[in-house]
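Since the structure comes first, as structure tokens, the remarks are kept for the end.
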Amino acid sequence: MYTLNQVKTLVLCGDPTRSLPLWRGFLLIPLILACFALSLRAQPVCVDGCDSNFGTFQGDDALINNNSTGAGNSAFGWRSLFSNTGGNFNTGIGGGALALNNGESNTAVGAAALVLNGAGMENCAFGTDALALSGFGVSGADFNDAFGAFALFNNSAGFSNNAFGNAALQQNISGSANTALGDLALNNNDASGEGTASGNTAVGALALFANGDGQFNNAVGYNALGGNDTGLFNQAMGADALSANTDGASNVVIGDSAALGNASGSFNTILGDMAGQDVTDGFDNIYIGATAGAGVGNESSTIRIGDPEHVFTCFVAGITGVSVSGDSVCVDSAGQLGVCGTGGHPVSMKEFLKERQIVQQQAARIALQEGQIQALTAALRQQAEQIQKVSAQLEMIRPAPRVVGNR
């Protein structure tokens, strides 16, 4: 049985002074397999059978070091589950699969899949070198799923990652809770090993391909957010959507090639096929409609709905018949909406403000007069009531008429 330190020495063919850099991971697996072969007997012996603790094995040195504590393990292939001693319920299929494992409930299918897993548990690796470096000398490399050759290849301490596709999440070292679906999706995620590149979701070949330390990004579509490095909280849906973004944040982009040129712009909302392609570092823009914002250059804090080269009629429900107070609004020849009295309007802004002040004064005067009229009406009504009361009283004290006869 080999300890992790012994494996380092073994991999380096006897030179304990050299380190084991993860970036040379592609050389690691062949060296392990070659040095295993040289360090033990030259003639392989293919055996198969069952052990006393519900274990099943087939292949040269498969499950050979398992003792009575490791239960329910299955090993098929040259030195699969080779060093397992106390790990339970593991399945290794393929040469070197789960070779150094002592974790629980892991499944590895493919040559060198999960080959260096130590104490990691509940990992699933399907494909050559899938999750090959996971759990090597560290703890917490649990709940990872890798489907595809070299998927999650460099993963060390990352957990709860899901990679489906050739080389998906290949460079991830410590990033966690990432989901990559598609060849090379999130390929460079957390290559620095900082562990901040977590919570990303990439669906599509090359989606979030270059992501280094960006987090909580969602990309759906071929090469969506493909160039993202440190940007975070971005949402991109569509082929090449936000594909040039490097450090822009909090963008929402839907549409093929939408916001294609954005590199560092943030807080943009762009919806439509090829919409917002001129934005490079602008912010707080809202574009809606196919090719919206085409040919206007980089800008910020602007709303554009539709492409004036293709959209000629506008209907907005809920406007007509609704009374509101406020400034009059006009539209210029370019389709820009604004307060009347600016630009080419025949009335100057000074005159417009003067007229508006007069109107406001007249409105105040009318309101005052209406109040006075209401007060006078109330006083007259009160006087009428008093007159009616006095009239009634006079009727009561008036003497009754008498009849005088002629004598």
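Ligands are numbered from 1 in the order shown, chains are lettered A, B, ... in the order of the structure tokens, and residues start at 1 in each chain.
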(request) Write out as a VMD selection string each polymer residue whose atoms come within 6 Å of range 145-162 of chain A, counting only C-alpha atoms; drop sequence neighbours fewer than 5 positions from it. (result) chain A and resid 123 to 135 140 167 to 179
(request) Taking the chain letters and numbering used in this document, name the residues of range 117-357 of chain A that DSSP puts in strand (DSSP E), as JSON, numbers by chain. (result) {"A": [124, 125, 126, 145, 146, 147, 162, 163, 164, 179, 180, 181, 201, 202, 203, 218, 219, 220, 235, 236, 237, 252, 253, 254, 269, 270, 271, 286, 287, 288, 303, 304, 305, 329, 330, 331, 337, 338, 339]}
Selection: 7 Å around Ser250 in chain A, only C-alpha atoms, excl. self and same-chain fewer than 5 positions, as an mmCIF file with N, CA and C atoms, in the first residue's frame:
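Now in around06.cif:
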data_model
loop_
_atom_site.group_PDB
_atom_site.id
_atom_site.type_symbol
_atom_site.label_atom_id
_atom_site.label_comp_id
_atom_site.auth_asym_id
_atom_site.auth_seq_id
_atom_site.Cartn_x
_atom_site.Cartn_y
_atom_site.Cartn_z
ATOM 1 N N LEU A 232 -18.731 38.830 -12.959
ATOM 2 C CA LEU A 232 -19.623 38.075 -12.097
ATOM 3 C C LEU A 232 -21.062 38.546 -12.269
ATOM 4 N N PHE A 233 -21.978 37.679 -11.884
ATOM 5 C CA PHE A 233 -23.411 37.950 -11.922
ATOM 6 C C PHE A 233 -23.902 38.280 -13.339
ATOM 7 N N ASN A 234 -23.288 37.703 -14.357
ATOM 8 C CA ASN A 234 -23.740 37.906 -15.733
ATOM 9 C C ASN A 234 -24.674 36.778 -16.162
ATOM 10 N N SER A 266 -21.079 47.097 -17.676
ATOM 11 C CA SER A 266 -21.836 46.433 -16.611
ATOM 12 C C SER A 266 -23.268 46.981 -16.551
ATOM 13 N N PHE A 267 -24.126 46.207 -15.943
ATOM 14 C CA PHE A 267 -25.511 46.590 -15.680
ATOM 15 C C PHE A 267 -26.289 46.892 -16.965
#
(message) Please list as a PyMOL selection string every residue within 10 Å of Glu104 in chain A, counting only C-alpha atoms and excluding residues in the same chain fewer than 6 positions away.
(response) chain A and resi 70-71+73+86-91+118-123+142
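Across the model, the gap from CA of Leu206 in chain A to CA of Gly297 in chain A is 27.7 Å.
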(request) Can you work out the spacing between CA of Gly212 in chain A and CA of Thr246 in chain A in Å, to one decimal? (result) 9.6 Å
(message) What's the separation between CA of Ser328 in chain A and CA of Val359 in chain A, in Å to one decimal place?
(response)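 Interatomic distance, CA of Ser328 in chain A to CA of Val359 in chain A: 13.4 Å.
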